[in-house]
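Undergrad: To be precise about what I am sending: the file is called upload-v4.tsv and holds TSV, C-alpha atoms.
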chain	number	residue	atom	x	y	z
S	7	MET	CA	0.00	0.00	0.00
S	8	LYS	CA	1.91	2.97	-1.34
S	9	MET	CA	0.32	5.67	0.86
S	10	LEU	CA	1.38	3.72	3.94
S	11	GLN	CA	4.91	3.04	2.65
S	12	ASP	CA	5.34	6.74	1.90
S	13	LYS	CA	4.14	7.65	5.38
S	14	ILE	CA	6.54	5.16	6.99
S	15	ARG	CA	9.42	6.49	4.91
S	16	VAL	CA	8.71	10.13	5.76
S	17	ASP	CA	7.49	9.90	9.37
S	18	GLY	CA	8.76	6.57	10.69
S	19	LYS	CA	11.84	6.62	12.88
S	20	VAL	CA	14.31	3.76	12.76
S	21	LEU	CA	15.58	3.41	16.33
S	22	SER	CA	17.62	0.23	15.77
S	23	GLU	CA	17.82	-2.69	13.37
S	24	ASN	CA	14.72	-4.10	15.04
S	25	VAL	CA	12.70	-1.07	16.12
S	26	LEU	CA	10.64	1.19	13.89
S	27	LYS	CA	8.79	3.95	15.71
S	28	VAL	CA	5.54	5.05	14.07
S	29	ASP	CA	4.17	7.01	17.00
S	30	SER	CA	3.37	10.01	14.84
S	31	PHE	CA	0.60	8.33	12.84
S	32	LEU	CA	-0.25	4.85	14.14
S	33	ASN	CA	0.32	4.04	17.78
S	34	HIS	CA	0.33	7.23	19.81
S	35	GLN	CA	-0.80	9.98	17.48
S	36	ILE	CA	-3.24	8.64	14.89
S	37	ASP	CA	-3.65	9.92	11.34
S	38	PRO	CA	-7.39	9.36	10.81
S	39	ALA	CA	-7.28	9.81	7.01
S	40	LEU	CA	-4.57	7.15	6.76
S	41	MET	CA	-6.64	4.85	8.99
S	42	GLN	CA	-9.60	5.37	6.65
S	43	ALA	CA	-7.45	4.43	3.66
S	44	ILE	CA	-6.24	1.35	5.54
S	45	GLY	CA	-9.84	0.39	6.34
S	46	GLU	CA	-10.78	0.74	2.68
S	47	GLU	CA	-7.78	-1.36	1.64
S	48	TYR	CA	-8.64	-4.24	3.98
S	49	ALA	CA	-12.30	-4.05	3.00
S	50	ALA	CA	-11.33	-4.34	-0.67
S	51	ARG	CA	-8.93	-7.23	-0.09
S	52	PHE	CA	-11.42	-9.19	2.03
S	53	LYS	CA	-14.65	-8.11	0.35
S	54	ASP	CA	-15.70	-11.63	-0.64
S	55	ALA	CA	-14.76	-13.29	2.65
S	56	GLY	CA	-18.15	-12.87	4.35
S	57	ILE	CA	-16.66	-11.12	7.36
S	58	THR	CA	-19.03	-10.47	10.27
S	59	LYS	CA	-16.55	-9.27	12.94
S	60	ILE	CA	-13.20	-7.54	13.15
S	61	LEU	CA	-11.06	-8.68	16.09
S	62	THR	CA	-8.06	-6.74	17.36
S	63	LEU	CA	-6.09	-6.08	20.54
S	64	GLU	CA	-6.03	-2.84	22.53
S	65	SER	CA	-4.73	-0.22	22.03
S	66	SER	CA	-2.97	0.35	18.72
S	67	GLY	CA	-5.10	-2.08	16.75
S	68	ILE	CA	-8.32	-0.23	17.52
S	69	ALA	CA	-8.00	2.54	14.93
S	70	PRO	CA	-7.37	0.37	11.84
S	71	ALA	CA	-9.83	-2.28	13.08
S	72	MET	CA	-12.62	0.23	13.59
S	73	MET	CA	-12.12	1.85	10.19
S	74	THR	CA	-12.20	-1.57	8.52
S	75	GLY	CA	-15.41	-2.36	10.40
S	76	LEU	CA	-16.89	0.95	9.28
S	77	VAL	CA	-16.20	0.25	5.59
S	78	LEU	CA	-17.39	-3.38	5.80
S	79	GLY	CA	-20.41	-2.47	7.96
S	80	VAL	CA	-19.53	-4.86	10.79
S	81	PRO	CA	-18.57	-4.38	14.47
S	82	ALA	CA	-14.99	-4.30	15.71
S	83	VAL	CA	-14.09	-6.08	18.95
S	84	PHE	CA	-10.91	-5.31	20.84
S	85	ALA	CA	-9.43	-7.92	23.16
S	86	ARG	CA	-8.47	-6.49	26.52
S	87	LYS	CA	-5.11	-7.00	28.10
S	88	ARG	CA	-6.54	-7.67	31.54
S	89	LYS	CA	-9.85	-8.30	33.11
S	90	SER	CA	-12.04	-5.42	34.15
S	91	LEU	CA	-14.28	-5.54	37.19
S	92	THR	CA	-17.46	-5.66	35.13
S	93	LEU	CA	-16.24	-8.57	33.03
S	94	ILE	CA	-15.07	-11.45	35.16
S	95	ASP	CA	-16.90	-14.47	33.79
S	96	HIS	CA	-17.96	-15.45	30.35
S	97	LEU	CA	-14.61	-14.77	28.68
S	98	TYR	CA	-12.32	-16.33	26.13
S	99	THR	CA	-8.76	-15.83	27.33
S	100	ALA	CA	-5.28	-16.39	25.93
S	101	SER	CA	-1.76	-15.56	27.05
S	102	VAL	CA	0.42	-13.26	24.96
S	103	TYR	CA	4.12	-12.85	25.54
S	104	SER	CA	5.60	-9.50	24.54
S	105	TYR	CA	9.26	-9.61	23.49
S	106	THR	CA	9.36	-5.80	23.55
S	107	LYS	CA	8.16	-5.56	27.11
S	108	ASN	CA	9.44	-8.95	28.31
S	109	GLU	CA	6.15	-9.77	29.99
S	110	THR	CA	3.11	-11.98	29.53
S	111	ASN	CA	-0.38	-10.51	29.46
S	112	ASP	CA	-3.67	-12.33	29.51
S	113	ILE	CA	-5.95	-11.09	26.78
S	114	SER	CA	-9.67	-11.64	26.90
S	115	VAL	CA	-12.80	-11.30	24.80
S	116	SER	CA	-16.37	-11.63	26.01
S	117	LYS	CA	-18.19	-14.68	24.73
S	118	ASP	CA	-21.03	-12.34	23.83
S	119	PHE	CA	-19.16	-10.80	20.93
S	120	ILE	CA	-17.40	-13.60	19.05
S	121	THR	CA	-19.41	-16.75	18.37
S	122	ASN	CA	-19.43	-19.84	16.18
S	123	GLU	CA	-21.65	-17.95	13.73
S	124	ASP	CA	-18.98	-15.32	13.06
S	125	THR	CA	-16.45	-15.02	10.27
S	126	VAL	CA	-13.59	-13.08	11.81
S	127	LEU	CA	-10.89	-10.85	10.35
S	128	ILE	CA	-8.03	-10.32	12.81
S	129	ILE	CA	-6.32	-6.93	12.50
S	130	ASP	CA	-3.25	-5.62	14.31
S	131	ASP	CA	-0.84	-2.74	13.90
S	132	PHE	CA	2.46	-4.66	13.91
S	133	LEU	CA	3.58	-8.19	13.21
S	134	ALA	CA	7.01	-9.15	14.50
S	135	ASN	CA	7.19	-12.40	16.47
S	136	GLY	CA	3.50	-13.05	16.02
S	137	GLN	CA	2.61	-13.62	19.66
S	138	ALA	CA	-0.36	-11.23	19.69
S	139	VAL	CA	-1.80	-12.79	16.53
S	140	LEU	CA	-1.36	-16.27	18.03
S	141	GLY	CA	-3.37	-15.17	21.06
S	142	LEU	CA	-6.14	-13.77	18.88
S	143	LEU	CA	-6.15	-16.94	16.74
S	144	ASP	CA	-6.50	-18.95	19.94
S	145	ILE	CA	-9.60	-16.92	20.85
S	146	VAL	CA	-11.13	-17.35	17.38
S	147	GLU	CA	-10.58	-21.10	17.72
S	148	GLN	CA	-12.11	-21.21	21.21
S	149	ALA	CA	-15.14	-19.37	19.86
S	150	GLY	CA	-15.52	-21.83	16.98
S	151	SER	CA	-15.59	-18.90	14.55
S	152	LYS	CA	-14.53	-19.10	10.93
S	153	LEU	CA	-11.29	-17.22	10.27
S	154	ALA	CA	-11.20	-15.03	7.16
S	155	GLY	CA	-7.58	-14.06	7.66
S	156	VAL	CA	-5.19	-11.69	9.35
S	157	GLY	CA	-4.62	-8.08	8.34
S	158	ILE	CA	-1.43	-6.40	9.54
S	159	VAL	CA	-0.57	-2.75	9.03
S	160	ILE	CA	3.23	-3.15	9.28
S	161	GLU	CA	4.95	-6.53	9.09
S	162	LYS	CA	8.58	-6.80	10.03
S	163	GLY	CA	9.43	-9.39	7.41
S	164	PHE	CA	12.81	-10.11	8.99
S	165	GLN	CA	11.17	-11.43	12.15
S	166	PRO	CA	9.49	-14.86	12.30
S	167	GLY	CA	5.79	-14.01	12.85
S	168	GLY	CA	4.74	-13.72	9.23
S	169	LYS	CA	6.35	-16.98	8.16
S	170	MET	CA	4.82	-18.80	11.12
S	171	ILE	CA	1.31	-17.59	10.28
S	172	ARG	CA	1.58	-18.26	6.54
S	173	GLU	CA	2.89	-21.78	7.22
S	174	ARG	CA	-0.37	-22.53	9.00
S	175	GLY	CA	-2.20	-21.84	5.76
S	176	ILE	CA	-3.71	-18.64	7.12
S	177	ARG	CA	-4.34	-15.77	4.72
S	178	LEU	CA	-2.10	-12.92	5.88
S	179	GLU	CA	-2.38	-9.47	4.31
S	180	SER	CA	0.33	-7.04	5.41
S	181	LEU	CA	-0.10	-3.53	4.04
S	182	ALA	CA	3.60	-2.70	4.42
S	183	GLU	CA	6.19	-5.44	4.69
S	184	ILE	CA	9.58	-4.34	5.87
S	185	ALA	CA	12.57	-6.28	4.62
S	186	SER	CA	15.18	-4.49	6.69
S	187	LEU	CA	15.86	-1.59	9.05
S	188	GLU	CA	19.62	-1.80	8.59
S	189	ASN	CA	21.75	1.34	8.42
S	190	GLY	CA	18.89	3.40	9.80
S	191	GLU	CA	16.86	2.96	6.62
S	192	VAL	CA	13.53	1.32	5.90
S	193	THR	CA	13.63	-1.14	3.01
S	194	PHE	CA	10.34	-2.73	1.99
S	195	VAL	CA	9.86	-6.23	0.58
S	196	GLY	CA	9.19	-5.84	-3.14
S	197	GLU	CA	10.58	-2.33	-2.95
S	198	GLY	CA	9.32	-0.19	-5.81
S	199	SER	CA	6.09	-2.07	-6.38
S	200	ASP	CA	2.80	-0.94	-4.86
S	201	ARG	CA	2.08	-3.69	-2.42
L	24	MET	CA	-27.87	12.83	20.93
L	25	LYS	CA	-30.88	10.67	20.28
L	26	MET	CA	-29.14	7.86	18.35
L	27	LEU	CA	-26.81	7.36	21.30
L	28	GLN	CA	-29.59	7.50	23.91
L	29	ASP	CA	-31.54	4.90	21.94
L	30	LYS	CA	-28.48	2.66	21.74
L	31	ILE	CA	-27.88	2.97	25.49
L	32	ARG	CA	-31.52	2.19	26.23
L	33	VAL	CA	-31.58	-0.89	23.99
L	34	ASP	CA	-28.08	-2.32	24.46
L	35	GLY	CA	-26.76	-0.83	27.70
L	36	LYS	CA	-26.88	-3.03	30.78
L	37	VAL	CA	-27.50	-1.50	34.19
L	38	LEU	CA	-25.41	-3.58	36.59
L	39	SER	CA	-26.01	-1.43	39.66
L	40	GLU	CA	-27.05	2.10	40.59
L	41	ASN	CA	-23.56	3.23	39.59
L	42	VAL	CA	-22.54	0.90	36.78
L	43	LEU	CA	-23.75	1.01	33.19
L	44	LYS	CA	-22.16	-1.55	30.90
L	45	VAL	CA	-21.89	-0.51	27.27
L	46	ASP	CA	-19.49	-3.22	26.19
L	47	SER	CA	-21.60	-4.12	23.17
L	48	PHE	CA	-21.01	-0.86	21.29
L	49	LEU	CA	-18.46	1.39	23.00
L	50	ASN	CA	-15.77	-0.14	25.16
L	51	HIS	CA	-15.21	-3.73	24.12
L	52	GLN	CA	-17.18	-4.26	20.95
L	53	ILE	CA	-17.35	-1.03	18.93
L	54	ASP	CA	-20.22	0.04	16.67
L	55	PRO	CA	-18.31	1.91	13.93
L	56	ALA	CA	-21.39	3.61	12.46
L	57	LEU	CA	-22.31	4.98	15.90
L	58	MET	CA	-18.73	6.20	16.35
L	59	GLN	CA	-18.96	7.96	13.00
L	60	ALA	CA	-22.18	9.69	14.10
L	61	ILE	CA	-20.49	10.67	17.36
L	62	GLY	CA	-17.54	12.10	15.44
L	63	GLU	CA	-19.89	14.12	13.25
L	64	GLU	CA	-21.75	15.40	16.31
L	65	TYR	CA	-18.59	16.62	18.07
L	66	ALA	CA	-17.30	18.13	14.83
L	67	ALA	CA	-20.55	20.07	14.44
L	68	ARG	CA	-20.59	21.25	18.06
L	69	PHE	CA	-16.96	22.39	17.99
L	70	LYS	CA	-16.71	23.44	14.34
L	71	ASP	CA	-15.79	27.07	15.11
L	72	ALA	CA	-13.31	26.28	17.88
L	73	GLY	CA	-10.22	26.06	15.68
L	74	ILE	CA	-9.32	22.59	16.91
L	75	THR	CA	-5.94	21.23	15.77
L	76	LYS	CA	-5.71	18.07	17.92
L	77	ILE	CA	-7.99	15.57	19.60
L	78	LEU	CA	-6.63	14.20	22.89
L	79	THR	CA	-7.97	11.05	24.54
L	80	LEU	CA	-6.88	8.19	26.79
L	81	GLU	CA	-6.42	4.57	25.77
L	82	SER	CA	-8.34	2.38	25.13
L	83	SER	CA	-12.04	3.23	25.01
L	84	GLY	CA	-11.56	6.87	24.03
L	85	ILE	CA	-9.71	6.00	20.84
L	86	ALA	CA	-12.72	5.15	18.66
L	87	PRO	CA	-14.76	8.35	19.26
L	88	ALA	CA	-11.59	10.48	19.27
L	89	MET	CA	-10.37	9.12	15.95
L	90	MET	CA	-13.75	9.56	14.26
L	91	THR	CA	-13.91	13.16	15.48
L	92	GLY	CA	-10.42	13.74	14.13
L	93	LEU	CA	-11.44	12.22	10.81
L	94	VAL	CA	-14.42	14.58	10.42
L	95	LEU	CA	-12.46	17.65	11.58
L	96	GLY	CA	-9.39	16.71	9.53
L	97	VAL	CA	-7.00	16.74	12.50
L	98	PRO	CA	-4.90	14.05	14.24
L	99	ALA	CA	-6.02	12.22	17.36
L	100	VAL	CA	-3.52	11.53	20.15
L	101	PHE	CA	-4.14	8.93	22.82
L	102	ALA	CA	-2.42	9.23	26.17
L	103	ARG	CA	-0.86	5.98	27.29
L	104	LYS	CA	-1.41	4.47	30.67
L	105	ARG	CA	2.22	3.54	31.15
L	106	LYS	CA	5.49	4.19	29.50
L	107	SER	CA	6.66	2.04	26.65
L	108	LEU	CA	10.30	1.17	26.06
L	109	THR	CA	10.55	3.35	22.97
L	110	LEU	CA	9.16	6.41	24.78
L	111	ILE	CA	11.01	7.11	27.98
L	112	ASP	CA	11.94	10.78	27.78
L	113	HIS	CA	10.24	13.76	26.33
L	114	LEU	CA	6.84	13.13	27.92
L	115	TYR	CA	4.08	15.03	29.62
L	116	THR	CA	2.80	12.88	32.47
L	117	ALA	CA	-0.08	13.02	34.94
L	118	SER	CA	-1.49	10.67	37.55
L	119	VAL	CA	-5.04	9.35	37.22
L	120	TYR	CA	-6.85	7.56	40.02
L	121	SER	CA	-9.49	5.05	38.94
L	122	TYR	CA	-12.34	4.57	41.42
L	123	THR	CA	-13.52	1.55	39.42
L	124	LYS	CA	-10.20	-0.24	39.61
L	125	ASN	CA	-8.98	1.35	42.85
L	126	GLU	CA	-5.57	2.09	41.41
L	127	THR	CA	-3.51	5.01	40.15
L	128	ASN	CA	-2.00	5.01	36.67
L	129	ASP	CA	0.47	7.39	35.19
L	130	ILE	CA	-0.68	8.64	31.83
L	131	SER	CA	1.71	10.14	29.33
L	132	VAL	CA	1.79	12.00	26.04
L	133	SER	CA	4.87	12.68	23.93
L	134	LYS	CA	5.87	16.32	23.77
L	135	ASP	CA	6.10	15.88	20.00
L	136	PHE	CA	2.33	15.69	19.57
L	137	ILE	CA	0.76	18.35	21.78
L	138	THR	CA	2.37	21.78	21.75
L	139	ASN	CA	1.67	25.39	22.66
L	140	GLU	CA	0.49	25.96	19.08
L	141	ASP	CA	-2.36	23.45	19.44
L	142	THR	CA	-6.01	23.97	20.22
L	143	VAL	CA	-7.07	20.73	21.87
L	144	LEU	CA	-10.42	18.97	22.20
L	145	ILE	CA	-10.34	16.32	24.93
L	146	ILE	CA	-12.61	13.33	24.27
L	147	ASP	CA	-13.38	10.38	26.51
L	148	ASP	CA	-15.97	7.63	26.64
L	149	PHE	CA	-17.25	8.07	30.20
L	150	LEU	CA	-17.33	10.87	32.74
L	151	ALA	CA	-18.02	9.84	36.33
L	152	ASN	CA	-15.63	11.23	38.92
L	153	GLY	CA	-13.65	13.13	36.32
L	154	GLN	CA	-10.20	11.85	37.23
L	155	ALA	CA	-9.22	10.90	33.68
L	156	VAL	CA	-10.31	14.29	32.34
L	157	LEU	CA	-8.34	16.03	35.10
L	158	GLY	CA	-5.24	14.12	34.03
L	159	LEU	CA	-5.75	15.10	30.38
L	160	LEU	CA	-6.39	18.74	31.37
L	161	ASP	CA	-3.14	18.65	33.31
L	162	ILE	CA	-1.30	17.53	30.17
L	163	VAL	CA	-2.93	20.25	28.03
L	164	GLU	CA	-1.83	22.80	30.62
L	165	GLN	CA	1.73	21.46	30.73
L	166	ALA	CA	1.87	21.70	26.94
L	167	GLY	CA	0.65	25.29	27.00
L	168	SER	CA	-2.06	24.36	24.49
L	169	LYS	CA	-5.34	26.19	24.15
L	170	LEU	CA	-8.29	24.09	25.36
L	171	ALA	CA	-11.38	24.06	23.13
L	172	GLY	CA	-13.37	21.92	25.54
L	173	VAL	CA	-14.18	18.41	26.65
L	174	GLY	CA	-16.39	15.97	24.74
L	175	ILE	CA	-17.81	13.03	26.67
L	176	VAL	CA	-19.82	10.21	25.15
L	177	ILE	CA	-21.68	9.20	28.33
L	178	GLU	CA	-21.76	11.40	31.43
L	179	LYS	CA	-23.04	9.97	34.67
L	180	GLY	CA	-24.71	13.17	35.81
L	181	PHE	CA	-25.23	11.81	39.32
L	182	GLN	CA	-21.48	11.61	39.91
L	183	PRO	CA	-19.35	14.70	40.54
L	184	GLY	CA	-17.07	14.89	37.49
L	185	GLY	CA	-19.31	16.99	35.25
L	186	LYS	CA	-20.05	19.61	37.89
L	187	MET	CA	-16.36	19.87	38.76
L	188	ILE	CA	-15.36	20.48	35.14
L	189	ARG	CA	-18.16	22.96	34.42
L	190	GLU	CA	-17.31	24.92	37.57
L	191	ARG	CA	-13.85	25.52	36.13
L	192	GLY	CA	-15.49	27.33	33.21
L	193	ILE	CA	-14.58	24.57	30.78
L	194	ARG	CA	-16.92	23.84	27.91
L	195	LEU	CA	-18.21	20.31	28.45
L	196	GLU	CA	-20.30	18.57	25.79
L	197	SER	CA	-21.78	15.24	26.92
L	198	LEU	CA	-23.67	13.40	24.19
L	199	ALA	CA	-25.73	11.40	26.67
L	200	GLU	CA	-26.16	12.58	30.23
L	201	ILE	CA	-27.53	10.01	32.63
L	202	ALA	CA	-29.59	11.29	35.53
L	203	SER	CA	-30.05	7.95	37.24
L	204	LEU	CA	-29.55	4.22	36.99
L	205	GLU	CA	-31.98	3.47	39.81
L	206	ASN	CA	-34.30	0.47	39.64
L	207	GLY	CA	-32.25	-1.02	36.84
L	208	GLU	CA	-33.37	1.69	34.42
L	209	VAL	CA	-31.51	4.39	32.54
L	210	THR	CA	-33.00	7.86	32.95
L	211	PHE	CA	-31.42	10.68	30.95
L	212	VAL	CA	-31.13	14.31	32.02
L	213	GLY	CA	-33.68	16.26	29.98
L	214	GLU	CA	-35.42	12.99	29.20
L	215	GLY	CA	-37.57	13.26	26.07
L	216	SER	CA	-35.60	16.07	24.47
L	217	ASP	CA	-32.95	15.41	21.84
L	218	ARG	CA	-29.78	16.45	23.57
Now, as a test, write the supplied structure out as structure tokens.
TA:
Amino acid sequence: MKMLQDKIRVDGKVLSENVLKVDSFLNHQIDPALMQAIGEEYAARFKDAGITKILTLESSGIAPAMMTGLVLGVPAVFARKRKSLTLIDHLYTASVYSYTKNETNDISVSKDFITNEDTVLIIDDFLANGQAVLGLLDIVEQAGSKLAGVGIVIEKGFQPGGKMIRERGIRLESLAEIASLENGEVTFVGEGSDR
Amino acid sequence: MKMLQDKIRVDGKVLSENVLKVDSFLNHQIDPALMQAIGEEYAARFKDAGITKILTLESSGIAPAMMTGLVLGVPAVFARKRKSLTLIDHLYTASVYSYTKNETNDISVSKDFITNEDTVLIIDDFLANGQAVLGLLDIVEQAGSKLAGVGIVIEKGFQPGGKMIRERGIRLESLAEIASLENGEVTFVGEGSDR
């Protein structure tokens, strides 16, 4: 997706060979027009998949998930990273290890909102080691929902998450796939083409 | 806002005289079309305020804040509830006590995204005791930004937050103001009128 690649190139900050900071438009400050374009892109790519629910994880997945839901005309559900006082029973839960934060969080989704009648599109902001997506896949499986696929805004192609998900036969659509952050520069997979 | 009141009446769950659960459309599952209508409503109410940034708090404020930013054509910034590893310096911070969770969180916003050149609209999903709004006001003040006002999706009018904010002379726009949750029923302030 060229608009997203351009934004990453102009406003992304390469902090190390593994860390790309996109706080100015995706996961601290949000560019709503870019999120709308992302929603339209996912909706176009998955238009024939019969999606009934978008599933994401708080907080940075909410913006792209909601815009995709808006375009497709379906609700977006965000998994929570811990239980709230008004939601203690009736939950699907999974554990997600964060390499960035070196901690494990339980994520949970109410059984009211994902069921065996749903066809679910999982959306998240980043894909690196794939742990968050694995947790969301676990919840989709517990719910007995049909999985349409996984939509990722930025995939770090040099980390193992993407390969792991594709090897399971899951449809994975990454809007920007980064080949390398070496030498302080962002290089995209298929550089030059409009992925 | 009648569409919102109707949604609360049909899908909100009164758990006690203090607790209204709106997990089915606002703070776990999100109704994107309702969020769009909320964004349009805030944009209309604040259209002459010269707003340059929307400021909210993760996670439940993100959806209405982003839709308001989309309609107004400005970015939305969400304060984080704790520091991330890629954001350790260069922050505005404030402490927010949660009566629901009985805990205090630090919230933070990067100094890159709210400045003394901004006119800020604060948006949040709920207003009860007003602690989250106080924390966001603190950040706006630290940044030296101009404050356009505060937009709340659901105000619990029987709790003290709204009065406290209005008494400071701050413009507060609540799209649904609840007078009471007694007897398991939602009663709105100005019931019958289209607020």
Undergrad: What's around Ala86 in chain L at 12 Å? Count only C-alpha atoms, leave out sequence neighbours fewer than 5 positions away in its own chain, and write the answer as a PyMOL selection string.
TA: (chain S and resi 36+38+41+64-73+75-76+81-84) or (chain L and resi 48-62+77-81+91-93+99-101+146-148+176)
Undergrad: Identify, on the basis of only C-alpha atoms, every residue whose closest approach to Val156 in chain L does not exceed 10 Å; exclude the query and any residue fewer than 2 positions from it along the same chain; express the result as a ChimeraX atom specification.
TA: /L:79-80,119,145-147,149-154,158-162,173-175,184-185,188
Undergrad: Looking at all atoms listed in the file, which of S:Ala49, S:Val16, S:Leu10, S:Ala85 is the one that sits closest to chain L?
TA: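 Once distances to chain L are computed over all atoms listed in the file, the minimum belongs to S:Ala85.
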Undergrad: Return the single residue from L:Gln28, L:Asn139, L:Gln165, L:Asn125 that is closest to chain S, with distances computed using all atoms listed in the file.
TA: L:Asn125
Undergrad: Dump as a ChimeraX atom specification all residues having an atom at most 10 Å from (7.3, 10.3, 12.8), computed in the file's coordinates with only C-alpha atoms.
TA: /S:13-20,26-32,35 /L:135-136
Undergrad: Save the residues we just selected, C-alpha atoms, as a PDB file, in the frame of the given file?
TA:
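Below is the file that was written, again.pdb:
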ATOM      1  CA  LYS S  13       4.140   7.650   5.380  1.00  0.00           C
ATOM      2  CA  ILE S  14       6.540   5.160   6.990  1.00  0.00           C
ATOM      3  CA  ARG S  15       9.420   6.490   4.910  1.00  0.00           C
ATOM      4  CA  VAL S  16       8.710  10.130   5.760  1.00  0.00           C
ATOM      5  CA  ASP S  17       7.490   9.900   9.370  1.00  0.00           C
ATOM      6  CA  GLY S  18       8.760   6.570  10.690  1.00  0.00           C
ATOM      7  CA  LYS S  19      11.840   6.620  12.880  1.00  0.00           C
ATOM      8  CA  VAL S  20      14.310   3.760  12.760  1.00  0.00           C
ATOM      9  CA  LEU S  26      10.640   1.190  13.890  1.00  0.00           C
ATOM     10  CA  LYS S  27       8.790   3.950  15.710  1.00  0.00           C
ATOM     11  CA  VAL S  28       5.540   5.050  14.070  1.00  0.00           C
ATOM     12  CA  ASP S  29       4.170   7.010  17.000  1.00  0.00           C
ATOM     13  CA  SER S  30       3.370  10.010  14.840  1.00  0.00           C
ATOM     14  CA  PHE S  31       0.600   8.330  12.840  1.00  0.00           C
ATOM     15  CA  LEU S  32      -0.250   4.850  14.140  1.00  0.00           C
ATOM     16  CA  GLN S  35      -0.800   9.980  17.480  1.00  0.00           C
TER      17      GLN S  35
ATOM     18  CA  ASP L 135       6.100  15.880  20.000  1.00  0.00           C
ATOM     19  CA  PHE L 136       2.330  15.690  19.570  1.00  0.00           C
TER      20      PHE L 136
END
Undergrad: Report, in Å to a single decimal, how far apart CA of Glu23 in chain S and CA of Ala185 in chain S are.
TA: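 Computed distance, CA of Ala185 in chain S to CA of Glu23 in chain S, equals 10.8 Å.
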Undergrad: Considering all atoms listed in the file, state which residue in the set L:His113, L:Ser203, L:Thr123, L:Tyr65 is at the smallest distance from chain S.
TA: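 Of L:His113, L:Ser203, L:Thr123, L:Tyr65, the one nearest chain S, counting all atoms listed in the file, is L:Thr123.
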